[in-house]
Amino acid sequence: MRSRSIPMREVHVWELPVRIYHWINALCIVALCITGYIIGEPLAFMKGTEAYFNYWFGTVRFIHFVAAFLFFFNFIFRIYWGFAGNEFARWYNFIPLKRSQWKEIMDVIRVDILQITHKRIDSIGHNSLASLIYFVTFLFFLVQCLTGFGMYAAMSTSFLPKMFAWVVPMLGGDMNVRQLHHIFMWGFILFALVHMYLVFYHDYIERRGVTSSMIGGWKFIEEDVVDRHKPEAGKKS
Amino acid sequence: MEKRPTFYEEVTDSGVPRRDFLKFCTAMAALLGLESSGVGQIVKALETKPRLPVIWFHFQECTCCSESFIRSSHPEVADIVLNKISLDYQETLMAASGVNAEEAYKAVMEKFPGEYLVMVEGSIPTEDEAYCCIGGRSAYQILEEAVKNCKAVVAWGNCASAGCVQAASPNPTGAKPVHKVISGKPVINVQGCPPIADVMVGVVVHLLTFDRIPQLDGLGRPKSFYSRRVHDTCYRRANFDAGLFVESFDDEGAKKGYCLYKMGCKGPVTYNSCGIIKWNDGVSYPIQSGHGCIGCSEAGFWDNGPFYEHLPSVAGFGIETNADKIGLGLGVLTAAGIAGHAIVTNVRKHKEIMNEQEEGSSSEKTKEI
Amino acid sequence: MAERIVIDPITRIEGHLRVEIEVNNGVITDAFSAGTMVRGIEAILKGRDPRDAWAFVGRVCGVCTSTHSLTSVRTVENALGIVAPPNAELIRNLMANALYIHDHVVHFYVLHALDWVDVVSCLKADPAETSRIAQSISPWPKSSVGYFSDVQTKIKKFVESGQLGIFANGYWGHSAYKLPAEVNLLAVAHYLEALEWQKEIVKVHTIFGGKNPHPNYLVGGVPCSINIDEANAVNAERLAFVGQLFLDAKTFVDQVYIPDLLAIASFYKSDWGAIGGGLSNYLSFGDFPSNGYNNPESFKIPRGVILNRDLSKVHEVKAEDQDQIQEYINNSWYEYSKGDQVGLHPWEGETKLKYTGPKPPYEHLDFGQKYSWVKTPRWKGLPMEVGPLSRMLVGYASGRQDIKDVVDSTLKALDVPVTALFSTLGRTAARGLETKLTCDWALEFYQQLLANIKNGDTRTMNNEKWEPESWPKLAKGIGMVEAPRGALSHFIVIEDKKIGNYQLVVPTTWNSSPRDPKGQRSAYEESLIGTPIADPKNPLEVLRTIHSFDPCLACAVH
Ligand code: HEM
Ligand code: HEM
Ligand code: NFV
Ligand code: SF4
Ligand code: SF4
Ligand code: F3S
Ligand SMILES: [Mg+2]
């Protein structure tokens, strides 16, 4: 395969805090989905023994709760970073209030999802559709934290979970909360599947080094795009 | 027969002279930090204040709340009915029938405005008022009139607190709990189907002893009995934490008293005192007798079935379908979508690479579009 | 001149019953009974998991709690071909026996006694004489002069307080009360004792089913496991507890209930042994299998029908026969897709509410048209009385020795002919007699259970068809039980692993229903005809007969 003739420029897109956030988040979610699934559907691998000798299910739940706290504070940090971070991390990316964002969303659907036209998408950070999806996942995070801590409030005396004690009565009882929490797990699993696929997809199609960008922070962006959208961004390097 | 004894009458009847009664009032006034003029107030209050009159209605119900009530062991029901409250209307127990019965509660409403308690067993139909009539009047008409001047309402059981079985989908009669049809009065939801006998009398004793509404949780249930999940006080909890589960009824685990979580136990989502107070004078409770909790003190628990599954089935998908099955289905669809998309992508990319090799640069090509 | 009297609410029953009577020259010439509350539980059951049905139908009634649950698991098992293991059958029997004992004792003292016993009159009693009577009829230890005078003082204080509570506005002093003051005092003392005692026997439910009211049941068996080497299961302590509860129950029934029943009956037998007979057809589904539910010959109470009070023949009952059991709605507030005049076998039964009565508040129901939420069941087109009297009669006519013995000895003790059974008093007496029998049966079942466990059989569950995958696409089942109030049947159609149709035909439905298309009255209405009413303002006599059936309207309508 030949290399591109068009000049590319390295752009530092993801700051270190975003990258750390991302991987903590990803790990937590994987851990939470696995432990959560087990909590919902415990394995049957023990019989004929005494409770006294075992605590495996308690441990699974413990991991879930530890990961939950980590996930929660990590999420809080990301909310803050949406105000403090660089332009690619900021909240205005995520909420499509501008016409141009909606236009890009339509473009992405046509180019990347349906593949009915060929066109380069010019975004440097997330494209607008991705941003919107991430925004929705942030809402999922919120719901999962509310329902999770809502349930946790009943088994805790610490102030943080207690602050969520209102969730259960609002949703009419623990069963509803639990069911919601469980259903949303599937939202995360589906998101992760599609998300990882799309990361690789974009890397393959756009060849901007998206996959490694969440590790090193750098993307390779076409010079004309950088010049048009963000001349100073590339220069920082 | 007409008049009820006041505190004064009761004290003097038992042989205490009026002088001592007045002394007692003065002492009370001092205790409450009242001026000497306040003594008169207390004297008056005690001379005229009757014992707590109670009207107990039955609407759409099964009378298991009354049945549970008479199972109480501390205090026993005879003690409550004869000595603690004045149960002036209670269809299951009262001697009078027909108009004589109706007169009994009307008299309470007339004579003790603002002082009596209304206790309700059963839900109120709203689809058509004629779904529940007593003496030719509808449940709603009776209740509305009775609560107008009551002190507070005690909603017995899941029926009066949340609508219970008759409110389960499709709720053919539009059954509603008390707090959804009346307003402006405190409602104590004594949950359960039925509530535990000693919890019921516990609430009554609380009202009498402390003369105030007990602290309620977000769903109107007295915290003293409903602040803990069955799961948190379940004696099988150690088996839960150890991951030792009953896998089918009467299996080896069942015979050893393992946790019933996988048999659908709703203890983890149910707030009640079953694990602590237990049932019928502490003899047992559902889990101790081998069946999972079905969540009978929670609103809407009937529609959280099937009872033997951990997760409720999702409405519209049939009894066997829960969130996991739907999730897995969507997961498979997504994976299929991804695979399809990947194939299309590869075909396209392959073309692009071929084009690049022929024409030079792919970016020039894309720019043309 | 005909006078129309309304009694609504009928109290000291379960649920919402309205009775309107027409009195001509001091005698009831027509009567209408109406159930005035509906919940639509049959409609709610549609589409649910058949294994959950026991819990839903259990909530039909908290008074005969557990009886619908038992019927339901039998129904589902019948549909799916599941046979519960013997221990499960025995435990179910024990629970049903405990229910009988509880329900009948509570009925007699708390719900029925005040129709015969004048509470206020007991104040005039001489406690010494009461004590003498008590000791002459029973060895029950609470019978000293001091005991009865304490009770009397308690009641005196209560009455004088003016706070009559549940006793307010009763028919005290009514001319139909016939007991001497001393017997009234005895009965009032036992009223209070019964109230205190009744909470004990239900512990049988708590031990096996975790709670009461509304203990847990299970399709395929019972939820509790037996393990005599484990604290977490039914073990020697739990079993001993059950045994003790039944022994104590037997003592209470033999030494308190039965002597009181006979004492009171002896004062009322001359008139009330001839009033309130009503229908002359009696239906029993039979119950208490001693060798499996699928083996009706082993039932302690036999199955069968008696027509026209002819005790020489017992007719066979087949609930699955489409012509035997049918329900009509010509006078009930429902709609059938085939019109209002047809009768439907419950497998084809429909429950669609359609109220057409007067808008509340109303003075009278219009008996020219539909007037009740109770449907009208018929056996081969005939109205049937169900309940303890029917059971004792079918048992008697079938020649069951234990049943014959208690019936005959009671008739002899009261010195009344067998026809005295067809009456209000007969109904009340039959309930007492069967309670006595039940205590003995329970102790038998208890011994059988112990023997099984001793022989190493501890199974309480049959898991074979637990998973819905093992069920056929379409299945139909019937469950029959003798509930405390009479013959109870549930009918299920299971379609695609869900409930396609579920119908309950309940004892009080048989007894309290409105008229059928032929104009035939059901038991309540029929039994009131001809009853003398001394004082239309205080129709105590109506309560006597109606209460003798132990009405349960939540059951009847569901
Ligand atoms: C990506 C995020 C998360 C996922 C996918 C997830 C998933 C799950 C799942 C599937 C269950 C089992 C529910 C059931 O069927 O019973 C569960 C239980 C639970 N989760 Fe989460 N969860 C997440 C985050 C959280 C958070 C942030 C909290 C906050 C404390 C939390 C607290 C809980 C609690 C308390 C339970 C119930 C555990 C028990 O009572 O045994 N979860 N979770
Ligand atoms: C192999 C695994 C993963 C890789 C290579 C990866 C890579 C990336 C990359 C490159 C981005 C930026 C996307 C863009 O520019 O549009 C991103 C964003 C994101 N990823 Fe992942 N990801 C992975 C797994 C996950 C997982 C498992 C989750 C959680 C379910 C996750 C959640 C997110 C979120 C929420 C963002 C938005 C980040 C933000 O701006 O705050 N990722 N990921
Ligand atoms: N009728 C009736 Fe029941 C009974 N016994 C049940 O089937 O009372 Ni509630
Ligand atoms: S809450 Fe349950 S127990 Fe109480 S009346 Fe309703 S159905 Fe019966
Ligand atoms: S049996 Fe139920 S309540 Fe008890 S520990 Fe297990 S899940 Fe919790
Ligand atoms: S079913 Fe009800 S009785 Fe207790 S254990 Fe559960 S809350
Ligand atoms: Mg029916």
# chains A, B, ... in the order shown; residues from 1 in each chain; ligands from 1
>>> residues_near_ligand(ligand="ligand 2", cutoff="8 Å", atoms="only C-alpha atoms and all ligand atoms", output="JSON, numbers by chain")
{"A": [18, 21, 22, 23, 25, 26, 27, 29, 30, 78, 88, 89, 124, 125, 126, 127, 130, 131, 134, 137, 138, 188, 189, 191, 192, 193, 195, 196, 199, 200, 210, 211, 212, 213, 214]}
>>> interface_residues(of="chain B", to="chain C", cutoff="6 Å", atoms="only C-alpha atoms", output="PyMOL selection string")
chain B and resi 1-5+62-64+71+86-88+91-98+100+131-138+166+172+250+255+257+279+284-286+289-291
>>> select_by_dssp(residues="region 35-154 of chain C", states="helix (DSSP H, G or I)", output="PyMOL selection string")
chain C and resi 41-45+50-58+67-80+86-115+120-124+127-137+145-154
>>> residues_near_ligand(ligand="ligand 6", cutoff="7 Å", atoms="only C-alpha atoms and all ligand atoms", output="PyMOL selection string")
(chain B and resi 192-193+230+266-267+270-274+285-287+293-297) or (chain C and resi 211)
>>> residues_near_ligand(ligand="ligand 1", cutoff="6 Å", atoms="only C-alpha atoms and all ligand atoms", output="list in words")
Ile29, Leu32, Cys33, Gly36, Tyr37, Ile39, Gly40, Phe65, Ala68, Phe72, Gln144, Cys145, Gly148, Phe149, Met151, Tyr152, Arg178, His181, His182 and Met185 of chain A
>>> interface_residues(of="chain A", to="chain B", cutoff="6 Å", atoms="only C-alpha atoms", output="list of chain:residue names")
A:Ala51, A:Asn54, A:Tyr55, A:Trp56, A:Phe57, A:Gly58, A:Lys119, A:Pro169, A:Asp174, A:Met175, A:Ile183, A:Trp186
>>> residues_around(residues="Gly209 (chain A)", least_positions_apart="5", cutoff="7 Å", atoms="only C-alpha atoms", output="VMD selection string")
chain A and resid 203 219 to 220
>>> residues_around(residues="Val54 (chain B)", least_positions_apart="2", cutoff="10 Å", atoms="only C-alpha atoms", output="NGL selection string")
(:B and (51-52 or 56-57 or 85-90 or 105 or 108-109 or 115-119 or 150 or 153)) or (:C and (165))
>>> residues_around(residues="Glu104 (chain A)", least_positions_apart="6", cutoff="10 Å", atoms="only C-alpha atoms", output="list in words")
Pro96, Arg110, Ile121, Asp122, Ser123, Asn127, Ser128 and Leu129 of chain A
>>> atom_distance(atom1="CA of Phe288 (chain C)", atom2="atom 7 (S, counted along the ligand's line) of ligand 4")
26.4 Å
>>> atom_distance(atom1="CA of Ile453 (chain C)", atom2="CA of Ala240 (chain C)")
13.3 Å
>>> residues_around(residues="Val481 (chain C)", least_positions_apart="2", cutoff="7 Å", atoms="only C-alpha atoms", output="list in words")
Thr71, Phe285, Gly286, Asp287, Gly479, Ala483, Ala487, Leu488 and Ser489 of chain C
>>> write_last_selection(atoms="N, CA and C atoms", output="mmCIF file, in the first residue's frame")
data_model
loop_
_atom_site.group_PDB
_atom_site.id
_atom_site.type_symbol
_atom_site.label_atom_id
_atom_site.label_comp_id
_atom_site.auth_asym_id
_atom_site.auth_seq_id
_atom_site.Cartn_x
_atom_site.Cartn_y
_atom_site.Cartn_z
ATOM 1 N N THR C 71 -55.712 -24.671 45.681
ATOM 2 C CA THR C 71 -56.491 -25.019 44.490
ATOM 3 C C THR C 71 -55.688 -24.709 43.231
ATOM 4 N N PHE C 285 -66.935 -31.342 46.610
ATOM 5 C CA PHE C 285 -65.880 -31.857 45.721
ATOM 6 C C PHE C 285 -65.002 -32.879 46.443
ATOM 7 N N GLY C 286 -65.129 -32.898 47.766
ATOM 8 C CA GLY C 286 -64.294 -33.817 48.534
ATOM 9 C C GLY C 286 -62.875 -33.322 48.683
ATOM 10 N N ASP C 287 -62.222 -33.763 49.731
ATOM 11 C CA ASP C 287 -60.842 -33.306 49.935
ATOM 12 C C ASP C 287 -60.143 -34.113 51.022
ATOM 13 N N GLY C 479 -58.610 -27.735 39.253
ATOM 14 C CA GLY C 479 -58.237 -28.061 40.620
ATOM 15 C C GLY C 479 -59.462 -27.960 41.504
ATOM 16 N N ALA C 483 -62.869 -25.892 50.296
ATOM 17 C CA ALA C 483 -62.470 -24.737 51.096
ATOM 18 C C ALA C 483 -63.351 -24.733 52.354
ATOM 19 N N ALA C 487 -67.287 -26.127 48.239
ATOM 20 C CA ALA C 487 -66.627 -26.637 47.050
ATOM 21 C C ALA C 487 -66.008 -25.508 46.221
ATOM 22 N N LEU C 488 -64.713 -25.619 46.044
ATOM 23 C CA LEU C 488 -63.965 -24.585 45.329
ATOM 24 C C LEU C 488 -63.276 -25.215 44.135
ATOM 25 N N SER C 489 -63.410 -24.576 42.980
ATOM 26 C CA SER C 489 -62.726 -25.108 41.798
ATOM 27 C C SER C 489 -62.101 -23.988 40.989
#
>>> closest_atom_pairs(of="chain B", to="ligand 4", cutoff="8 Å", atoms="only C-alpha atoms and all ligand atoms", output="tab-separated table")
residue	atom	partner	partner_atom_place_in_ligand_line	distance
B:Gln60	CA	ligand 4	5 (S)	7.5
B:Glu61	CA	ligand 4	5 (S)	4.1
B:Cys62	CA	ligand 4	8 (Fe)	4.2
B:Thr63	CA	ligand 4	5 (S)	4.9
B:Cys64	CA	ligand 4	3 (S)	4.2
B:Cys65	CA	ligand 4	4 (Fe)	4.3
B:Ser66	CA	ligand 4	5 (S)	7.7
B:Ser68	CA	ligand 4	3 (S)	7.9
B:Glu121	CA	ligand 4	5 (S)	5.8
B:Gly122	CA	ligand 4	5 (S)	5.4
B:Ser123	CA	ligand 4	6 (Fe)	7.7
B:Trp156	CA	ligand 4	4 (Fe)	6.6
B:Gly157	CA	ligand 4	1 (S)	3.8
B:Asn158	CA	ligand 4	1 (S)	3.8
B:Cys159	CA	ligand 4	6 (Fe)	4.2
B:Ala160	CA	ligand 4	1 (S)	6.8
B:Ser161	CA	ligand 4	1 (S)	7.9
B:Gly163	CA	ligand 4	6 (Fe)	7.7
B:Cys164	CA	ligand 4	6 (Fe)	5.9
B:Val165	CA	ligand 4	7 (S)	6.2
B:Gln191	CA	ligand 4	1 (S)	7.4
B:Gly192	CA	ligand 4	1 (S)	6.0
B:Cys193	CA	ligand 4	2 (Fe)	3.5
B:Pro194	CA	ligand 4	3 (S)	3.5
B:Pro195	CA	ligand 4	4 (Fe)	7.1
B:Cys296	CA	ligand 4	2 (Fe)	7.9
>>> write_last_selection(atoms="C-alpha atoms", output="PDB file, in the first residue's frame")
ATOM      1  CA  GLN B  60     -61.311  -3.539  47.535  1.00  0.00           C
ATOM      2  CA  GLU B  61     -59.525  -6.046  49.685  1.00  0.00           C
ATOM      3  CA  CYS B  62     -59.363  -9.600  50.912  1.00  0.00           C
ATOM      4  CA  THR B  63     -59.601  -8.936  54.671  1.00  0.00           C
ATOM      5  CA  CYS B  64     -56.195 -10.432  55.227  1.00  0.00           C
ATOM      6  CA  CYS B  65     -55.152  -7.186  56.837  1.00  0.00           C
ATOM      7  CA  SER B  66     -57.897  -7.578  59.431  1.00  0.00           C
ATOM      8  CA  SER B  68     -53.328 -10.292  60.264  1.00  0.00           C
ATOM      9  CA  GLU B 121     -57.994  -1.745  54.212  1.00  0.00           C
ATOM     10  CA  GLY B 122     -58.285  -2.057  50.474  1.00  0.00           C
ATOM     11  CA  SER B 123     -57.939   0.077  47.414  1.00  0.00           C
ATOM     12  CA  TRP B 156     -53.259  -0.966  55.812  1.00  0.00           C
ATOM     13  CA  GLY B 157     -51.427  -3.290  53.532  1.00  0.00           C
ATOM     14  CA  ASN B 158     -50.425  -3.162  49.933  1.00  0.00           C
ATOM     15  CA  CYS B 159     -54.031  -2.569  48.793  1.00  0.00           C
ATOM     16  CA  ALA B 160     -54.452   0.718  50.590  1.00  0.00           C
ATOM     17  CA  SER B 161     -50.783   1.686  50.197  1.00  0.00           C
ATOM     18  CA  GLY B 163     -53.253  -0.925  45.072  1.00  0.00           C
ATOM     19  CA  CYS B 164     -51.983  -4.503  45.450  1.00  0.00           C
ATOM     20  CA  VAL B 165     -53.225  -7.364  43.314  1.00  0.00           C
ATOM     21  CA  GLN B 191     -47.046  -2.033  53.680  1.00  0.00           C
ATOM     22  CA  GLY B 192     -47.174  -5.741  53.115  1.00  0.00           C
ATOM     23  CA  CYS B 193     -49.622  -8.267  51.820  1.00  0.00           C
ATOM     24  CA  PRO B 194     -50.620  -8.350  54.530  1.00  0.00           C
ATOM     25  CA  PRO B 195     -48.448  -6.380  56.920  1.00  0.00           C
ATOM     26  CA  CYS B 296     -45.111  -8.124  49.019  1.00  0.00           C
TER      27      CYS B 296
END
>>> residues_around(residues="Pro127 (chain C)", least_positions_apart="4", cutoff="12 Å", atoms="only C-alpha atoms", output="VMD selection string")
chain C and resid 122 to 123 131 to 134 143 to 153 181 to 186 189
